[in-house]
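**Student:** Input data-v4.txt, format and content: compact mmCIF, N, CA and C atoms.
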```txt
# COMPACT_ATOMS: atom_id res chain seq x y z
N MET A 1 19.17 -33.32 -2.52
CA MET A 1 17.96 -33.09 -1.76
C MET A 1 17.87 -31.62 -1.33
N ALA A 2 18.98 -31.06 -0.87
CA ALA A 2 19.00 -29.67 -0.44
C ALA A 2 18.74 -28.74 -1.63
N LYS A 3 19.24 -29.16 -2.80
CA LYS A 3 19.05 -28.35 -4.01
C LYS A 3 17.56 -28.21 -4.32
N TYR A 4 16.80 -29.30 -4.20
CA TYR A 4 15.37 -29.28 -4.49
C TYR A 4 14.61 -28.47 -3.44
N LEU A 5 15.05 -28.57 -2.21
CA LEU A 5 14.42 -27.81 -1.13
C LEU A 5 14.60 -26.30 -1.36
N VAL A 6 15.78 -25.90 -1.77
CA VAL A 6 16.06 -24.50 -2.07
C VAL A 6 15.21 -24.04 -3.25
N GLN A 7 15.08 -24.89 -4.29
CA GLN A 7 14.27 -24.53 -5.45
C GLN A 7 12.81 -24.35 -5.06
N VAL A 8 12.29 -25.24 -4.20
CA VAL A 8 10.91 -25.14 -3.74
C VAL A 8 10.70 -23.83 -2.97
N ILE A 9 11.65 -23.48 -2.12
CA ILE A 9 11.54 -22.24 -1.34
C ILE A 9 11.59 -21.02 -2.26
N VAL A 10 12.48 -21.03 -3.23
CA VAL A 10 12.60 -19.90 -4.16
C VAL A 10 11.33 -19.75 -4.99
N VAL A 11 10.82 -20.85 -5.53
CA VAL A 11 9.59 -20.80 -6.33
C VAL A 11 8.42 -20.33 -5.46
N GLY A 12 8.35 -20.84 -4.24
CA GLY A 12 7.28 -20.41 -3.33
C GLY A 12 7.35 -18.93 -3.02
N ALA A 13 8.56 -18.43 -2.81
CA ALA A 13 8.74 -17.00 -2.54
C ALA A 13 8.34 -16.18 -3.76
N GLN A 14 8.65 -16.65 -4.95
CA GLN A 14 8.27 -15.93 -6.17
C GLN A 14 6.75 -15.89 -6.32
N VAL A 15 6.10 -16.99 -6.04
CA VAL A 15 4.63 -17.05 -6.15
C VAL A 15 3.99 -16.09 -5.15
N VAL A 16 4.47 -16.11 -3.91
CA VAL A 16 3.92 -15.23 -2.89
C VAL A 16 4.21 -13.77 -3.24
N GLY A 17 5.39 -13.49 -3.73
CA GLY A 17 5.75 -12.13 -4.13
C GLY A 17 4.87 -11.61 -5.25
N ARG A 18 4.63 -12.43 -6.26
CA ARG A 18 3.76 -12.02 -7.37
C ARG A 18 2.33 -11.79 -6.89
N ALA A 19 1.86 -12.66 -6.01
CA ALA A 19 0.50 -12.50 -5.48
C ALA A 19 0.39 -11.21 -4.68
N PHE A 20 1.41 -10.90 -3.91
CA PHE A 20 1.41 -9.67 -3.12
C PHE A 20 1.40 -8.45 -4.02
N ILE A 21 2.24 -8.45 -5.02
CA ILE A 21 2.30 -7.31 -5.96
C ILE A 21 0.96 -7.14 -6.67
N ARG A 22 0.36 -8.23 -7.07
CA ARG A 22 -0.95 -8.17 -7.73
C ARG A 22 -2.02 -7.61 -6.79
N ALA A 23 -2.00 -8.03 -5.54
CA ALA A 23 -2.97 -7.53 -4.57
C ALA A 23 -2.78 -6.03 -4.32
N VAL A 24 -1.54 -5.59 -4.25
CA VAL A 24 -1.27 -4.17 -4.05
C VAL A 24 -1.76 -3.36 -5.25
N ARG A 25 -1.52 -3.85 -6.44
CA ARG A 25 -1.98 -3.14 -7.64
C ARG A 25 -3.51 -3.05 -7.69
N LEU A 26 -4.18 -4.15 -7.34
CA LEU A 26 -5.65 -4.14 -7.32
C LEU A 26 -6.17 -3.16 -6.28
N GLU A 27 -5.56 -3.14 -5.12
CA GLU A 27 -5.99 -2.22 -4.07
C GLU A 27 -5.76 -0.77 -4.48
N TYR A 28 -4.64 -0.52 -5.13
CA TYR A 28 -4.34 0.83 -5.60
C TYR A 28 -5.35 1.29 -6.65
N SER A 29 -5.68 0.42 -7.58
CA SER A 29 -6.65 0.80 -8.62
C SER A 29 -8.04 0.98 -8.02
N ALA A 30 -8.40 0.15 -7.06
CA ALA A 30 -9.70 0.30 -6.41
C ALA A 30 -9.76 1.60 -5.61
N SER A 31 -8.67 1.95 -4.99
CA SER A 31 -8.61 3.20 -4.22
C SER A 31 -8.73 4.41 -5.14
N ARG A 32 -8.05 4.37 -6.26
CA ARG A 32 -8.15 5.48 -7.22
C ARG A 32 -9.56 5.60 -7.78
N ALA A 33 -10.19 4.47 -8.08
CA ALA A 33 -11.56 4.49 -8.60
C ALA A 33 -12.53 5.07 -7.57
N ALA A 34 -12.35 4.70 -6.31
CA ALA A 34 -13.22 5.22 -5.26
C ALA A 34 -13.01 6.72 -5.07
N ALA A 35 -11.78 7.17 -5.17
CA ALA A 35 -11.48 8.60 -5.03
C ALA A 35 -12.11 9.39 -6.17
N GLN A 36 -12.06 8.85 -7.37
CA GLN A 36 -12.66 9.54 -8.51
C GLN A 36 -14.18 9.56 -8.39
N ALA A 37 -14.74 8.50 -7.83
CA ALA A 37 -16.19 8.44 -7.67
C ALA A 37 -16.69 9.47 -6.66
N ARG A 38 -15.87 9.72 -5.64
CA ARG A 38 -16.28 10.70 -4.62
C ARG A 38 -16.28 12.11 -5.17
N GLY A 39 -15.42 12.37 -6.12
CA GLY A 39 -15.43 13.66 -6.80
C GLY A 39 -14.74 14.78 -6.05
N ARG A 40 -15.05 15.98 -6.47
CA ARG A 40 -14.36 17.17 -5.99
C ARG A 40 -14.66 17.47 -4.53
N SER A 41 -15.91 17.31 -4.10
CA SER A 41 -16.25 17.65 -2.73
C SER A 41 -15.51 16.78 -1.73
N ALA A 42 -15.24 15.55 -2.10
CA ALA A 42 -14.48 14.67 -1.22
C ALA A 42 -13.05 15.17 -1.08
N LYS A 43 -12.49 15.70 -2.16
CA LYS A 43 -11.14 16.25 -2.09
C LYS A 43 -11.11 17.45 -1.16
N GLU A 44 -12.12 18.30 -1.26
CA GLU A 44 -12.18 19.46 -0.38
C GLU A 44 -12.36 19.04 1.06
N SER A 45 -13.20 18.04 1.28
CA SER A 45 -13.43 17.54 2.63
C SER A 45 -12.16 16.92 3.20
N ALA A 46 -11.44 16.18 2.38
CA ALA A 46 -10.19 15.58 2.83
C ALA A 46 -9.16 16.67 3.14
N ALA A 47 -9.15 17.71 2.32
CA ALA A 47 -8.24 18.83 2.58
C ALA A 47 -8.59 19.51 3.90
N ALA A 48 -9.87 19.69 4.15
CA ALA A 48 -10.29 20.30 5.41
C ALA A 48 -9.91 19.42 6.59
N SER A 49 -10.00 18.12 6.42
CA SER A 49 -9.60 17.20 7.50
C SER A 49 -8.12 17.31 7.78
N SER A 50 -7.31 17.40 6.73
CA SER A 50 -5.88 17.47 6.95
C SER A 50 -5.46 18.82 7.53
N ILE A 51 -6.14 19.88 7.14
CA ILE A 51 -5.81 21.20 7.67
C ILE A 51 -6.19 21.32 9.14
N SER A 52 -7.39 20.87 9.47
CA SER A 52 -7.86 20.99 10.85
C SER A 52 -7.29 19.91 11.75
N GLY A 53 -6.79 18.83 11.16
CA GLY A 53 -6.24 17.75 11.96
C GLY A 53 -7.32 16.88 12.59
N MET A 54 -8.53 17.01 12.10
CA MET A 54 -9.65 16.26 12.67
C MET A 54 -10.56 15.80 11.55
N SER A 55 -10.95 14.55 11.60
CA SER A 55 -11.85 14.03 10.57
C SER A 55 -13.28 14.47 10.85
N LEU A 56 -14.11 14.37 9.85
CA LEU A 56 -15.51 14.74 10.00
C LEU A 56 -16.19 13.85 11.03
N GLN A 57 -15.91 12.57 10.99
CA GLN A 57 -16.52 11.65 11.95
C GLN A 57 -16.11 11.97 13.38
N GLU A 58 -14.85 12.30 13.58
CA GLU A 58 -14.36 12.64 14.92
C GLU A 58 -15.06 13.90 15.42
N ALA A 59 -15.21 14.89 14.55
CA ALA A 59 -15.88 16.13 14.94
C ALA A 59 -17.34 15.87 15.31
N GLN A 60 -18.01 15.01 14.54
CA GLN A 60 -19.40 14.68 14.84
C GLN A 60 -19.50 13.95 16.18
N GLN A 61 -18.55 13.09 16.48
CA GLN A 61 -18.58 12.38 17.75
C GLN A 61 -18.34 13.32 18.92
N ILE A 62 -17.42 14.25 18.76
CA ILE A 62 -17.12 15.18 19.85
C ILE A 62 -18.33 16.04 20.18
N LEU A 63 -19.00 16.55 19.15
CA LEU A 63 -20.16 17.41 19.39
C LEU A 63 -21.46 16.63 19.49
N ASN A 64 -21.39 15.31 19.37
CA ASN A 64 -22.57 14.45 19.48
C ASN A 64 -23.65 14.86 18.48
N VAL A 65 -23.23 14.96 17.22
CA VAL A 65 -24.12 15.40 16.14
C VAL A 65 -24.18 14.27 15.11
N SER A 66 -25.40 13.88 14.75
CA SER A 66 -25.53 12.83 13.74
C SER A 66 -25.74 13.41 12.34
N THR A 67 -26.46 14.52 12.27
CA THR A 67 -26.68 15.19 10.98
C THR A 67 -26.05 16.58 11.03
N LEU A 68 -25.68 17.09 9.89
CA LEU A 68 -25.04 18.39 9.83
C LEU A 68 -26.07 19.51 9.69
N THR A 69 -26.68 19.86 10.81
CA THR A 69 -27.59 21.00 10.83
C THR A 69 -26.97 22.09 11.70
N PRO A 70 -26.92 23.32 11.19
CA PRO A 70 -26.26 24.40 11.94
C PRO A 70 -26.85 24.61 13.34
N GLU A 71 -28.15 24.45 13.48
CA GLU A 71 -28.79 24.68 14.77
C GLU A 71 -28.32 23.65 15.81
N GLU A 72 -28.30 22.38 15.42
CA GLU A 72 -27.89 21.32 16.34
C GLU A 72 -26.40 21.46 16.69
N ILE A 73 -25.60 21.80 15.71
CA ILE A 73 -24.17 21.98 15.96
C ILE A 73 -23.95 23.12 16.95
N GLN A 74 -24.61 24.25 16.72
CA GLN A 74 -24.44 25.41 17.59
C GLN A 74 -24.93 25.11 19.01
N LYS A 75 -26.07 24.43 19.13
CA LYS A 75 -26.62 24.10 20.45
C LYS A 75 -25.66 23.21 21.24
N ASN A 76 -25.19 22.15 20.61
CA ASN A 76 -24.27 21.24 21.28
C ASN A 76 -22.92 21.90 21.57
N TYR A 77 -22.47 22.75 20.66
CA TYR A 77 -21.22 23.47 20.87
C TYR A 77 -21.31 24.37 22.10
N GLU A 78 -22.36 25.15 22.18
CA GLU A 78 -22.51 26.07 23.32
C GLU A 78 -22.57 25.31 24.63
N HIS A 79 -23.32 24.22 24.66
CA HIS A 79 -23.43 23.44 25.88
C HIS A 79 -22.07 22.86 26.30
N LEU A 80 -21.38 22.21 25.36
CA LEU A 80 -20.10 21.58 25.69
C LEU A 80 -19.02 22.61 26.01
N PHE A 81 -19.09 23.77 25.36
CA PHE A 81 -18.10 24.82 25.64
C PHE A 81 -18.28 25.33 27.07
N LYS A 82 -19.53 25.55 27.48
CA LYS A 82 -19.79 26.03 28.84
C LYS A 82 -19.44 24.98 29.89
N VAL A 83 -19.77 23.74 29.63
CA VAL A 83 -19.50 22.66 30.59
C VAL A 83 -18.00 22.50 30.82
N ASN A 84 -17.20 22.69 29.78
CA ASN A 84 -15.76 22.48 29.88
C ASN A 84 -14.98 23.77 30.16
N ASN A 85 -15.66 24.82 30.62
CA ASN A 85 -15.00 26.08 30.94
C ASN A 85 -14.04 25.85 32.10
N LYS A 86 -12.80 26.27 31.95
CA LYS A 86 -11.76 26.01 32.95
C LYS A 86 -12.08 26.71 34.27
N SER A 87 -12.66 27.89 34.23
CA SER A 87 -12.98 28.61 35.47
C SER A 87 -14.08 27.92 36.27
N LEU A 88 -14.84 27.04 35.60
CA LEU A 88 -15.89 26.30 36.29
C LEU A 88 -15.44 24.87 36.62
N GLY A 89 -14.15 24.62 36.49
CA GLY A 89 -13.63 23.29 36.81
C GLY A 89 -13.56 22.35 35.64
N GLY A 90 -13.74 22.87 34.46
CA GLY A 90 -13.69 22.03 33.26
C GLY A 90 -12.27 21.86 32.75
N SER A 91 -12.15 21.26 31.59
CA SER A 91 -10.86 20.97 30.99
C SER A 91 -10.63 21.86 29.78
N PHE A 92 -9.49 22.60 29.81
CA PHE A 92 -9.14 23.44 28.68
C PHE A 92 -8.91 22.59 27.43
N TYR A 93 -8.31 21.42 27.62
CA TYR A 93 -8.06 20.52 26.49
C TYR A 93 -9.36 20.11 25.82
N LEU A 94 -10.34 19.70 26.62
CA LEU A 94 -11.63 19.29 26.04
C LEU A 94 -12.33 20.48 25.40
N GLN A 95 -12.21 21.64 26.01
CA GLN A 95 -12.83 22.83 25.44
C GLN A 95 -12.21 23.15 24.08
N SER A 96 -10.90 23.00 23.97
CA SER A 96 -10.27 23.26 22.68
C SER A 96 -10.66 22.22 21.63
N LYS A 97 -10.87 20.97 22.06
CA LYS A 97 -11.34 19.94 21.13
C LYS A 97 -12.74 20.29 20.62
N VAL A 98 -13.57 20.82 21.51
CA VAL A 98 -14.93 21.22 21.12
C VAL A 98 -14.86 22.35 20.08
N VAL A 99 -13.98 23.31 20.31
CA VAL A 99 -13.82 24.42 19.36
C VAL A 99 -13.35 23.91 18.01
N ARG A 100 -12.35 23.03 18.01
CA ARG A 100 -11.83 22.48 16.75
C ARG A 100 -12.89 21.64 16.03
N ALA A 101 -13.70 20.92 16.78
CA ALA A 101 -14.76 20.12 16.17
C ALA A 101 -15.78 21.02 15.49
N LYS A 102 -16.14 22.12 16.15
CA LYS A 102 -17.10 23.05 15.55
C LYS A 102 -16.51 23.68 14.29
N GLU A 103 -15.24 24.05 14.34
CA GLU A 103 -14.59 24.62 13.15
C GLU A 103 -14.63 23.63 11.99
N ARG A 104 -14.35 22.37 12.28
CA ARG A 104 -14.34 21.33 11.23
C ARG A 104 -15.72 21.14 10.64
N LEU A 105 -16.75 21.11 11.51
CA LEU A 105 -18.12 20.94 11.01
C LEU A 105 -18.57 22.17 10.23
N ASP A 106 -18.15 23.35 10.65
CA ASP A 106 -18.48 24.57 9.89
C ASP A 106 -17.85 24.53 8.50
N LYS A 107 -16.61 24.05 8.42
CA LYS A 107 -15.96 23.91 7.11
C LYS A 107 -16.74 22.94 6.22
N GLU A 108 -17.19 21.84 6.81
CA GLU A 108 -17.94 20.85 6.04
C GLU A 108 -19.26 21.42 5.57
N LEU A 109 -19.93 22.20 6.41
CA LEU A 109 -21.18 22.85 6.00
C LEU A 109 -20.93 23.81 4.84
N ASN A 110 -19.82 24.56 4.89
CA ASN A 110 -19.49 25.47 3.79
C ASN A 110 -19.24 24.70 2.50
N ILE A 111 -18.55 23.57 2.60
CA ILE A 111 -18.29 22.75 1.41
C ILE A 111 -19.61 22.26 0.82
N GLN A 112 -20.51 21.79 1.67
CA GLN A 112 -21.80 21.30 1.19
C GLN A 112 -22.63 22.42 0.57
N ASN A 113 -22.60 23.60 1.18
CA ASN A 113 -23.36 24.73 0.63
C ASN A 113 -22.82 25.14 -0.73
N GLN A 114 -21.50 25.15 -0.88
CA GLN A 114 -20.90 25.48 -2.18
C GLN A 114 -21.29 24.46 -3.24
N LYS A 115 -21.29 23.20 -2.84
CA LYS A 115 -21.67 22.14 -3.78
C LYS A 115 -23.12 22.30 -4.22
N GLU A 116 -24.01 22.61 -3.28
CA GLU A 116 -25.42 22.81 -3.62
C GLU A 116 -25.60 24.01 -4.55
N LYS A 117 -24.86 25.07 -4.31
CA LYS A 117 -24.94 26.27 -5.17
C LYS A 117 -24.51 25.95 -6.59
N GLN A 118 -23.42 25.15 -6.70
CA GLN A 118 -22.94 24.78 -8.02
C GLN A 118 -23.96 23.92 -8.76
N LEU A 119 -24.61 23.02 -8.03
CA LEU A 119 -25.63 22.17 -8.66
C LEU A 119 -26.83 23.00 -9.09
N ASN A 120 -27.21 23.99 -8.29
CA ASN A 120 -28.33 24.86 -8.64
C ASN A 120 -28.02 25.73 -9.84
N GLU A 121 -26.78 26.18 -9.95
CA GLU A 121 -26.37 27.01 -11.07
C GLU A 121 -26.33 26.22 -12.38
N GLU A 122 -26.00 24.94 -12.28
CA GLU A 122 -25.91 24.10 -13.48
C GLU A 122 -27.28 23.75 -14.04
N THR A 123 -28.30 23.74 -13.19
CA THR A 123 -29.63 23.37 -13.68
C THR A 123 -30.43 24.54 -14.09
```
Using structure tokens, write down the structure from this file.
**Tutor:**
Amino acid sequence: MAKYLVQVIVVGAQVVGRAFIRAVRLEYSASRAAAQARGRSAKESAAASSISGMSLQEAQQILNVSTLTPEEIQKNYEHLFKVNNKSLGGSFYLQSKVVRAKERLDKELNIQNQKEKQLNEET
């Protein structure tokens, strides 16, 4: 009886193991396909995120920007920078986050501008 119980457990573990490996392989292939679909600009954007230590979404949330327009970014940056000035009772930490967010959004704008230039040159 114990022999059959052990066999059932071993077979069950093998089935679960194979299913897990299959799921990991499918997820890996889907991830690679999505990365290839995003193309070169996504790689540059990801590189900018890793260099600055801040994602694009995080930077947009900090500066309260929904679209990437230089005017809106600059307006919100100036306001938040002044509000968080340490000499006026603000937080140096928050002020530095605002600066990093603006830097990240500026990098993203540069990436988008380069992409648009390349598309214009190709046509």
**Student:** Would you mind telling me which residue in A:Ser31, A:Ser66, A:Leu56, A:Arg25 lies nearest to Glu108 of chain A when using only N, CA and C atoms?
**Tutor:**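 Closest to Glu108 of chain A of all the choices is A:Leu56.
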**Student:** Tell me which of A:Arg100, A:Lys86, A:Arg32, A:Arg18 sits closest to Ala59 of chain A, counting all atoms listed in the file.
**Tutor:**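 Of A:Arg100, A:Lys86, A:Arg32, A:Arg18, the one nearest Ala59 of chain A is A:Arg100, counting all atoms listed in the file.
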**Student:** To one decimal in Å, tell me the separation between atom CA of Glu122 of chain A and atom CA of Asn110 of chain A.
**Tutor:** 18.5 Å
